[in-house]
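**Student:** Submitted below is the structure of interest, expressed as structure tokens.
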Number of protein chains: 2
Amino acid sequence: MPLMTSWVASANTAGNPFPLNNLPYGVFSIGAETPRCGVAIGDMILDVTAAEESGLIALADYALFDMPFWNPLMEEGPAVWAALRARLVALLAEGAAERDTVEPYLAPMAAAQLHMPFAVSEYTDFYAGRHHATNVGTMFRGVENALPPNWLHIPIGYNGRASSVVVSGTEIRRPWGQLKGPNDTQPRFAPCARFDLELEMGAIVGTPSDGPITVQEADDHIFGYVLLNDWSARDIQAWEYQPLGPFQAKATATSISPWIVTKAALEPFRRDTPAREVALLDHLKDCGPMLYDIELEVTMAPEGQPASTIASTNYTEMYYSAAQQLAHHTTSGCPMHAGDLLGSGTISGPTKPERGSLLELSWGGKEPLTLESGETRSFIEDGDTLTLKGAAQGDGYVIGFGDCVGTVLPALETPYER
Amino acid sequence: MPLMTSWVASANTAGNPFPLNNLPYGVFSIGAETPRCGVAIGDMILDVTAAEESGLIALADYALFDMPFWNPLMEEGPAVWAALRARLVALLAEGAAERDTVEPYLAPMAAAQLHMPFAVSEYTDFYAGRHHATNVGTMFRGVENALPPNWLHIPIGYNGRASSVVVSGTEIRRPWGQLKGPNDTQPRFAPCARFDLELEMGAIVGTPSDGPITVQEADDHIFGYVLLNDWSARDIQAWEYQPLGPFQAKATATSISPWIVTKAALEPFRRDTPAREVALLDHLKDCGPMLYDIELEVTMAPEGQPASTIASTNYTEMYYSAAQQLAHHTTSGCPMHAGDLLGSGTISGPTKPERGSLLELSWGGKEPLTLESGETRSFIEDGDTLTLKGAAQGDGYVIGFGDCVGTVLPALETPYER
């Protein structure tokens, strides 16, 4: 598919992440305005809430966009998702008859503040990137036992904390936690010293379910994708995670990019999962290409210094697709809701510069990274800004996500100060 | 504190679980009526939604009870919680001046259907009963390594699935899952064969927080308690839980009792946690009695047969209080919301008849239980009804919770049938 041209000129510019092919969904405000639903087009945002109020967009007998999140549209299901996209294309395409009516509903993106684009119902994080799991497993259990016995048979996941999911730009406070190093005789309560990022994609469930669903149904239920940084306190995790998994190590924050890129926009980029050395059981088998060719990059910028690229990889490195993860999530009958967020798990490629976490990049702190500024890093230091970028390269256009950015603030002097 | 008498005569009857001292909060409907908020008093329910509409209860400038869940009251905080309780006592006490006005708002409990009393924001389950953790640890890791190294230092917990929490009376469908026994060469997808209950108490967060809170603050933030059965698929769990903890094994359902018993009603029953062999770090130290003397019982009734008591224990067997669990939950800065549900972890006493799960009672299936009917059980069979009961024995009165009941239905013939 080539570039679809828009009368919003900036959307047709080479490299602009928001051409008419994309049309991602966000929530924005300008100045002291109430946040409302918006669609990115070039360097502008179409105010969908106002467009619905005026009757320019009318998909249901009731308002879908009068709340500052996209969950009501998600609940409508794929037919209405397609109807909205078709209407947006009609309104914004080159030569659109309604251009003059639409133009007043455009706001400059540069002036907008972006908010959480949806209400996170529940948040699940997976561990489904093979290179990441192999790296981490090698560090902790040795190369012979790197992958747990179940890893090639199910997408391992755990429930995270929806309340801790924040939008890009939110500052991240370094957490306190209970820590005990291998040589310590007693645990202590102290600020995390091994704070890390995890480069992930997040899949957002649109259609609710109440019982097991197939992989194909799961793919149909997914509404869209965001970039996701699952901030991780490695020292808290090391002490707490046996026997029931990560808990406070993953509860400080998870950042997501501000724009939900829809499945429709990603259709041209569908790719198969990698070849499998062990066949999956029927209920988890691939039934079509359900990964996407999305180039991913992480940069780190110490306070007041330029950003260095510390990792570059691709979403196609995942061993399990989001559809397979969602299908597995429902096997026991677990009800899923619109707004459930599924983290892919850390995405790492096969080589060192493709690793999606500092734990892997610095090999547990043993091989510190050197940044462009000459500084070195094993884990995140106070003032560091981490940025995730994602782009699908089309035929003369790019599908972008908007960066997923977070700056790490120093820990509170005492955790109970108010 | 002695029995507080009510003009609702049944509330003064010996053994009635809902005297004026209790006043637990639920959501009910009669026939095809819309569910509304109610308070149990004897064998009646006071329709709080209607009482607020009429002006008989007026706590805020806006309606607190026009939705069928108690979360809006939770958000108001302890002063409003106390004001409601004082008003209810004034309306329902023996000799109340407004008796004639109140009486039309009473409905017979026997005619009512009970619904989920609150919207579960997120659900966390702990592993904080020492006898349970020791029993399970002994079975899986041997008596020498029964308690993990962190167990005496932090209340181990994991995030569960809020969407799977259901009210007492909801039938529970035996789940399918991916299983692999220790002697199997390959995993298979099949119905769970080791389906279990877990006897727990659930604490409900009322006051939101956004950063670490102390144990005393945590106790202040808790709104009330319910009985909780965390249905568990032991065979799914055994295959999936390494390295990131239980996931689908715990996602089929968690049942709760229908009435939220408030902290105010439980005040006379506060008890200390057990003596500790290792001192807790300061931020988790006890700062007063924050457990409660609540007698707990589990019965099992095979289909068409009488119920046998299979376990009897007490909430005071917990090693960590809900306040300590909530304080730990916030150490990393994790935001907590009104309606967050915290499962205590399975409550077992020191002797065999005090064990709160079939895993422990049948010692992993090696020592099947014999029920009164003569049938034996290692795990739950189709048609079995499990009932949790809880009561705090006061001076001439009882604080009851309402039973937490669930009947297990056979697995679907194929999991994807519709």
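As shown in the structure tokens, the chain order sets the letters A, B, ...; within each chain, residues go from 1, and ligands are also counted from 1 in the order they appear.
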From the DSSP assignment of the backbone, select every residue of range 12-258 of chain A that is alpha helix (DSSP H), and format the answer as a ChimeraX atom specification.
**Tutor:** /A:48-53,71-76,78-92,99-102,130-141,215-221,234-240
**Student:** Taking only C-alpha atoms into account, what are the residues of chain A at most 8 Å from chain B, put as an MDAnalysis selection string?
**Tutor:** chainID A and resid 122 148 150 153 156:164 175:177 187:189 211:214 239:249 251:253 281 283 329:337 415:416
**Student:** Give me, please, the distance in Å between CA of Phe140 in chain A and CA of Gln237 in chain A, quoted to one decimal.
**Tutor:** 12.5 Å
**Student:** Report as an MDAnalysis selection string all protein, DNA and RNA residues lying within 7 Å of range 21-36 of chain B, evaluated on only C-alpha atoms, omitting residues in the same chain fewer than 3 positions from it.
**Tutor:** chainID B and resid 3:4 18 39:41 49 67:69 111:117 258:262 265 399
**Student:** Save out the residues we just selected, N, CA, C and O atoms, as a CSV table (one decimal), in the first residue's frame.
**Tutor:**
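Contents of the output file again_37.csv:
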chain,number,residue,atom,x,y,z
B,3,LEU,N,-24.4,-6.8,73.1
B,3,LEU,CA,-25.3,-6.7,71.9
B,3,LEU,C,-26.0,-5.3,71.9
B,3,LEU,O,-26.4,-4.9,73.0
B,4,MET,N,-25.9,-4.7,70.8
B,4,MET,CA,-26.7,-3.4,70.6
B,4,MET,C,-28.1,-3.9,70.1
B,4,MET,O,-28.2,-4.5,69.0
B,18,PHE,N,-26.2,-10.9,61.8
B,18,PHE,CA,-26.3,-9.5,61.4
B,18,PHE,C,-27.0,-8.6,62.5
B,18,PHE,O,-28.0,-7.9,62.2
B,39,VAL,N,-28.0,-2.7,53.5
B,39,VAL,CA,-27.3,-3.0,54.8
B,39,VAL,C,-28.1,-4.1,55.5
B,39,VAL,O,-29.3,-4.0,55.6
B,40,ALA,N,-27.4,-5.2,55.9
B,40,ALA,CA,-28.0,-6.3,56.5
B,40,ALA,C,-28.3,-6.0,58.0
B,40,ALA,O,-27.5,-5.5,58.7
B,41,ILE,N,-29.6,-6.2,58.4
B,41,ILE,CA,-29.9,-6.1,59.8
B,41,ILE,C,-30.9,-7.2,60.1
B,41,ILE,O,-32.0,-7.3,59.6
B,49,THR,N,-30.0,2.8,49.0
B,49,THR,CA,-30.2,3.6,47.8
B,49,THR,C,-31.5,4.3,47.9
B,49,THR,O,-31.5,5.6,47.7
B,67,MET,N,-25.3,3.9,42.5
B,67,MET,CA,-24.7,2.9,41.6
B,67,MET,C,-24.7,1.6,42.5
B,67,MET,O,-24.6,1.7,43.7
B,68,PRO,N,-24.8,0.5,41.8
B,68,PRO,CA,-24.9,-0.8,42.6
B,68,PRO,C,-23.5,-1.3,43.1
B,68,PRO,O,-23.2,-2.4,42.9
B,69,PHE,N,-22.7,-0.4,43.8
B,69,PHE,CA,-21.5,-0.9,44.4
B,69,PHE,C,-21.1,0.2,45.4
B,69,PHE,O,-21.5,1.4,45.3
B,111,ALA,N,-35.9,-13.0,50.3
B,111,ALA,CA,-36.4,-12.8,49.0
B,111,ALA,C,-35.3,-12.2,48.1
B,111,ALA,O,-35.6,-12.0,46.9
B,112,ALA,N,-34.2,-11.8,48.6
B,112,ALA,CA,-33.2,-11.0,47.9
B,112,ALA,C,-32.2,-11.8,47.2
B,112,ALA,O,-31.8,-12.9,47.7
B,113,GLN,N,-31.8,-11.4,46.0
B,113,GLN,CA,-30.6,-11.9,45.4
B,113,GLN,C,-29.4,-11.0,45.7
B,113,GLN,O,-29.6,-9.7,45.6
B,114,LEU,N,-28.3,-11.6,46.0
B,114,LEU,CA,-27.1,-10.7,46.4
B,114,LEU,C,-26.2,-10.7,45.2
B,114,LEU,O,-25.9,-11.7,44.6
B,115,HIS,N,-25.6,-9.5,45.0
B,115,HIS,CA,-24.7,-9.3,43.9
B,115,HIS,C,-23.3,-8.9,44.5
B,115,HIS,O,-23.2,-8.7,45.7
B,116,MET,N,-22.3,-8.7,43.6
B,116,MET,CA,-21.0,-8.2,44.0
B,116,MET,C,-21.2,-6.9,44.7
B,116,MET,O,-21.8,-6.0,44.2
B,117,PRO,N,-20.7,-6.8,46.0
B,117,PRO,CA,-20.9,-5.6,46.7
B,117,PRO,C,-20.1,-4.4,46.3
B,117,PRO,O,-20.4,-3.3,46.7
B,258,PRO,N,-20.9,-12.2,50.3
B,258,PRO,CA,-21.7,-11.0,49.7
B,258,PRO,C,-21.7,-9.8,50.6
B,258,PRO,O,-22.1,-8.7,50.1
B,259,TRP,N,-21.3,-9.9,51.8
B,259,TRP,CA,-21.4,-8.7,52.7
B,259,TRP,C,-20.1,-8.2,53.1
B,259,TRP,O,-19.2,-8.9,53.6
B,260,ILE,N,-19.8,-6.9,52.9
B,260,ILE,CA,-18.6,-6.3,53.4
B,260,ILE,C,-18.7,-6.0,54.9
B,260,ILE,O,-19.5,-5.1,55.2
B,261,VAL,N,-18.0,-6.7,55.7
B,261,VAL,CA,-18.0,-6.4,57.2
B,261,VAL,C,-17.0,-5.3,57.4
B,261,VAL,O,-15.8,-5.4,57.1
B,262,THR,N,-17.5,-4.2,58.0
B,262,THR,CA,-16.6,-3.0,58.1
B,262,THR,C,-15.6,-3.2,59.3
B,262,THR,O,-15.8,-4.0,60.2
B,265,ALA,N,-17.1,-2.7,62.7
B,265,ALA,CA,-17.8,-3.8,63.3
B,265,ALA,C,-16.8,-4.8,63.9
B,265,ALA,O,-17.1,-5.5,64.9
B,399,ILE,N,-20.7,-11.5,64.9
B,399,ILE,CA,-20.5,-10.8,63.6
B,399,ILE,C,-20.3,-11.8,62.5
B,399,ILE,O,-19.3,-12.5,62.5
**Student:** Name the residues of range 306-410 of chain A that come out as strand (DSSP E) in a backbone DSSP run; write them as a PyMOL selection string.
**Tutor:** chain A and resi 308-314+341-343+369-370+376-377+385-393+398-400+404-409
**Student:** Extract, using only C-alpha atoms, all DNA, RNA and protein residues at most 7 Å from Cys404 in chain B, discarding same-chain residues fewer than 6 positions from it, and format them as a list of chain:residue names.
**Tutor:**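 Answer for this query is B:Ser168, B:Leu227, B:Ser255, B:Ile256, B:Ser257, B:Thr387, B:Leu388, B:Lys389.
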**Student:** CA of Lys263 in chain B to CA of Thr346 in chain B: how many Å, to one decimal?
**Tutor:**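 Answer for the CA of Lys263 in chain B to CA of Thr346 in chain B separation: 20.7 Å.
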**Student:** Do a neighbour search on range 73-77 of chain A at 10 Å with only C-alpha atoms, toss out local chain neighbours closer than 4 positions, and write the hits as a list in words.
**Tutor:**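 Once the adjacent positions are removed, what remains is Leu59, Ala60, Ala63, Leu64, Phe65, Phe69, Trp81, Ala82, Leu84, Phe118, Ile204, Val205, Gly206, Thr207, Pro208, Asp220, His221, Ile222, Phe223, Gly224, His337, Ala338 and Gly339 of chain A.
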**Student:** List as a list in words the protein and nucleic acid residues near range 298-310 of chain B, meaning an atom at most 6 Å away when only C-alpha atoms are counted, but skip any in the same chain fewer than 4 places from it.
**Tutor:**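 Listed by chain and then number, they are Leu371, Glu372, Gly383, Asp384, Thr385, Leu386, Thr387 and Leu388 of chain B.
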**Student:** Go ahead and save the picked residues with N, CA, C and O atoms, as a compact mmCIF listing (two decimals), in the first residue's frame.
**Tutor:**
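As a result, result-v5.txt now contains:
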# COMPACT_ATOMS: atom_id res chain seq x y z
N LEU B 371 -15.31 -38.00 53.72
CA LEU B 371 -16.44 -37.13 54.09
C LEU B 371 -17.45 -37.91 54.92
O LEU B 371 -17.36 -39.14 55.03
N GLU B 372 -18.43 -37.21 55.48
CA GLU B 372 -19.44 -37.87 56.32
C GLU B 372 -20.22 -38.92 55.52
O GLU B 372 -20.66 -39.93 56.05
N GLY B 383 -19.68 -31.12 40.77
CA GLY B 383 -20.90 -31.15 41.59
C GLY B 383 -20.67 -30.84 43.06
O GLY B 383 -21.63 -30.60 43.80
N ASP B 384 -19.43 -30.83 43.48
CA ASP B 384 -19.13 -30.50 44.88
C ASP B 384 -19.45 -29.03 45.16
O ASP B 384 -19.12 -28.16 44.34
N THR B 385 -20.05 -28.79 46.32
CA THR B 385 -20.28 -27.41 46.76
C THR B 385 -19.36 -27.12 47.94
O THR B 385 -19.36 -27.85 48.93
N LEU B 386 -18.57 -26.06 47.78
CA LEU B 386 -17.67 -25.63 48.85
C LEU B 386 -18.22 -24.37 49.50
O LEU B 386 -18.61 -23.44 48.79
N THR B 387 -18.25 -24.35 50.82
CA THR B 387 -18.79 -23.21 51.55
C THR B 387 -17.80 -22.75 52.60
O THR B 387 -17.30 -23.56 53.38
N LEU B 388 -17.49 -21.44 52.58
CA LEU B 388 -16.66 -20.83 53.62
C LEU B 388 -17.59 -20.09 54.57
O LEU B 388 -18.51 -19.38 54.13
**Student:** Restricting the calculation to only C-alpha atoms, which member of B:Leu228, B:Leu359, B:Leu326, B:Met1 is positioned closest to Leu296 in chain B?
**Tutor:**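 Closest to Leu296 in chain B, using only C-alpha atoms: B:Leu228.
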**Student:** Please compute the CA of Trp231 in chain A-CA of Thr254 in chain A distance, one decimal, in Å.
**Tutor:** 5.7 Å
